[in-house]
Amino acid sequence: MSRTLLRAGVLLGTTALVALASAAPAFAHVTANGTVQKGGYGVVTFRVPNEDATAGTVAVTVNLPADHPFSSVRTTPIAGWTATPNEVTLNPPLKDDDGNAITKTVGSVTFKANPGTRIGPGQYLDFPLSLGPFPADVDVLQMPTAQTYDNGKVVNWADPPNADGSEPEHPAPSVTLGAASGDHHGGMATATAADPPASADPTARWLGGAGLLVGALGLGLGGGALLRTRRAGKSD
C-alpha cells in the first residue's frame with residue numbers, strides 16, 4: 001500500500017511539472033510593460049525574449065499606433081544597439097502644447113544590434129521608449145513589433161486578441177492606459193526584470209500556480225508514504 005502511494009505521489013508531481021512546463025511558453029512573447037495615464041507622458045518598456053534555440057535576435061522594430069500618433073518619441077542608449085526613429089507625415093497635423101502644428105512624427109523605431117551583439121538563446125532584452133501624450137479616449141494601445149533573427153527569420157508580433165478572449169499565436173504588445181491624473185507628465189512606473197510580462201496569459205498563470213500546488217501535494221504524498229514505509233521496516 002505504501003509503495004502504491006509513493007508511486008502515485010511521484011506520478012502526480014511529474015504530471016504537475018509537465019503541466020507547468022506547457023504553460024511556460026505563454027510568458028515568452030514580446031510584451032509592452034508599464035502603467036501609463038490617459039493624456040500623459042511615460043516610458044513603455046518592450047521586453048523581447050529570444051525564442052529560437054539556435055539563432056539570436058539582431059533587430060526589433062516597434063510600430064507605434066497610426067490612429068493615435070505621438071508628438072513625442074524618445075529613445076535611450078542601449079549598449080551594443082542602435083535605435084533609429086522612422087518618421088511619418090501626419091495628415092491632418094497634430095498640435096503641441098503651445099498650439100504649434102506638428103506635420104511629422106515617429107511612426108516606428110528600429111533597434112538594430114551592432115556587430116557581435118545579439119539576444120542569444122535563453123536571453124531577453126528590454127527596449128524602453130518615452131512616449132506621449134497618450135490618447136485620452138482609449139483604454140488599450142496595441143504596438144505591433146517585428147523581431148528579426150540572425151538566421152533571417154522574422155516573427156511579427158501583430159495578432160489582435162481572439163474574439164473568444166483567448167491569446168493568439170503572436171499577440172501584439174499592448175499597454176493599458178489608466179485614468180488621467182492632474183500631472184500628465186508623471187505617474188509612470190515601468191516593470192523591472194523581476195516583474196512578469198504585463199500581457200502574460202492569465203490562463204497560463206493559473207495553470208502554473210495549479211501545477212505547483214498539485215506537484216507539492218503529490219510530492220508530499222509520496223514523501224509521507226516513503227516515511228511510513230521506513231518506519232514500518234524499522235519496527236519489524
# chains A, B, ... in the order shown; residues from 1 in each chain; ligands from 1
>>> residues_around(residues="Glu51 in chain A", least_positions_apart="3", cutoff="9 Å", atoms="only C-alpha atoms", output="PDB file with N, CA and C atoms, in the first residue's frame")
ATOM      1  N   PRO A  25       5.543  28.665 -22.105  1.00  0.00           N
ATOM      2  CA  PRO A  25       5.779  29.445 -23.323  1.00  0.00           C
ATOM      3  C   PRO A  25       4.934  30.702 -23.450  1.00  0.00           C
ATOM      4  N   ALA A  28       6.769  33.881 -22.962  1.00  0.00           N
ATOM      5  CA  ALA A  28       7.920  34.175 -23.800  1.00  0.00           C
ATOM      6  C   ALA A  28       7.593  35.122 -24.938  1.00  0.00           C
ATOM      7  N   HIS A  29       6.418  35.711 -24.950  1.00  0.00           N
ATOM      8  CA  HIS A  29       6.043  36.641 -26.013  1.00  0.00           C
ATOM      9  C   HIS A  29       6.702  38.000 -25.800  1.00  0.00           C
ATOM     10  N   ALA A  55      19.276  30.439 -33.011  1.00  0.00           N
ATOM     11  CA  ALA A  55      19.537  31.761 -33.594  1.00  0.00           C
ATOM     12  C   ALA A  55      19.432  32.856 -32.537  1.00  0.00           C
ATOM     13  N   GLY A  56      19.954  34.035 -32.869  1.00  0.00           N
ATOM     14  CA  GLY A  56      19.899  35.181 -31.964  1.00  0.00           C
ATOM     15  C   GLY A  56      19.118  36.324 -32.577  1.00  0.00           C
ATOM     16  N   THR A  57      18.508  37.156 -31.732  1.00  0.00           N
ATOM     17  CA  THR A  57      17.757  38.324 -32.197  1.00  0.00           C
ATOM     18  C   THR A  57      18.720  39.474 -32.465  1.00  0.00           C
ATOM     19  N   PRO A 121      19.987  32.685 -27.392  1.00  0.00           N
ATOM     20  CA  PRO A 121      19.008  31.723 -26.889  1.00  0.00           C
ATOM     21  C   PRO A 121      18.955  31.734 -25.359  1.00  0.00           C
ATOM     22  N   GLY A 122      17.740  31.763 -24.827  1.00  0.00           N
ATOM     23  CA  GLY A 122      17.560  31.786 -23.383  1.00  0.00           C
ATOM     24  C   GLY A 122      17.734  33.157 -22.759  1.00  0.00           C
ATOM     25  N   GLN A 123      17.902  34.202 -23.579  1.00  0.00           N
ATOM     26  CA  GLN A 123      18.097  35.546 -23.060  1.00  0.00           C
ATOM     27  C   GLN A 123      16.941  36.462 -23.470  1.00  0.00           C
TER      28      GLN A 123
END
>>> closest_atom_pairs(of="range 10-112 of chain A", to="range 150-172 of chain A", cutoff="12 Å", atoms="only C-alpha atoms", output="Markdown table")
| residue | atom | partner | partner_atom | distance |
| --- | --- | --- | --- | --- |
| A:Pro25 | CA | A:Glu169 | CA | 10.7 |
| A:Ala26 | CA | A:Glu167 | CA | 8.8 |
| A:Phe27 | CA | A:Pro171 | CA | 11.5 |
| A:Ala28 | CA | A:His170 | CA | 10.4 |
| A:His29 | CA | A:His170 | CA | 7.3 |
| A:Val30 | CA | A:Trp157 | CA | 7.0 |
| A:Thr31 | CA | A:Ala172 | CA | 7.7 |
| A:Ala32 | CA | A:Ala172 | CA | 8.9 |
| A:Phe46 | CA | A:Ala172 | CA | 11.1 |
| A:Val48 | CA | A:Trp157 | CA | 10.6 |
| A:Pro49 | CA | A:Val155 | CA | 11.9 |
| A:Asn50 | CA | A:Val155 | CA | 10.8 |
| A:Glu51 | CA | A:Val155 | CA | 10.0 |
| A:Asp52 | CA | A:Lys153 | CA | 9.7 |
| A:Ala53 | CA | A:Asn151 | CA | 11.6 |
| A:Thr54 | CA | A:Asn151 | CA | 9.0 |
| A:Ala55 | CA | A:Asp150 | CA | 6.0 |
| A:Gly56 | CA | A:Asp150 | CA | 5.6 |
| A:Thr57 | CA | A:Asp150 | CA | 6.2 |
| A:Val58 | CA | A:Asp150 | CA | 5.9 |
| A:Ala59 | CA | A:Asp150 | CA | 8.6 |
| A:Val60 | CA | A:Val154 | CA | 9.6 |
| A:Thr61 | CA | A:Asn156 | CA | 9.5 |
| A:Val62 | CA | A:Trp157 | CA | 9.6 |
| A:Asn63 | CA | A:Ala158 | CA | 9.5 |
| A:Leu64 | CA | A:Ala172 | CA | 11.3 |
| A:Pro65 | CA | A:Ala172 | CA | 11.5 |
| A:Lys112 | CA | A:Asp150 | CA | 11.2 |
>>> select_by_dssp(residues="range 13-118 of chain A", states="strand (DSSP E)", output="VMD selection string")
chain A and resid 31 to 33 36 to 37 42 to 49 57 to 63 72 to 75 81 to 95 101 to 113
>>> closest_residue(among="A:Val109, A:Pro85, A:Ser71, A:Asp96", to="Met143 in chain A", atoms="only C-alpha atoms")
A:Val109
>>> residues_around(residues="range 130-132 of chain A", least_positions_apart="4", cutoff="10 Å", atoms="only C-alpha atoms", output="ChimeraX atom specification")
/A:36-45,64,69-76,184-185
>>> atom_distance(atom1="CA of Gln142 in chain A", atom2="CA of Val175 in chain A")
6.6 Å
>>> atom_distance(atom1="CA of Ile119 in chain A", atom2="CA of Gly34 in chain A")
21.7 Å
>>> closest_residue(among="A:Ile102, A:Ala79, A:Ala66, A:Ala180", to="Gly116 in chain A", atoms="only C-alpha atoms")
A:Ala79
>>> select_by_dssp(residues="range 14-198 of chain A", states="alpha helix (DSSP H)", output="ChimeraX atom specification")
/A:14-23
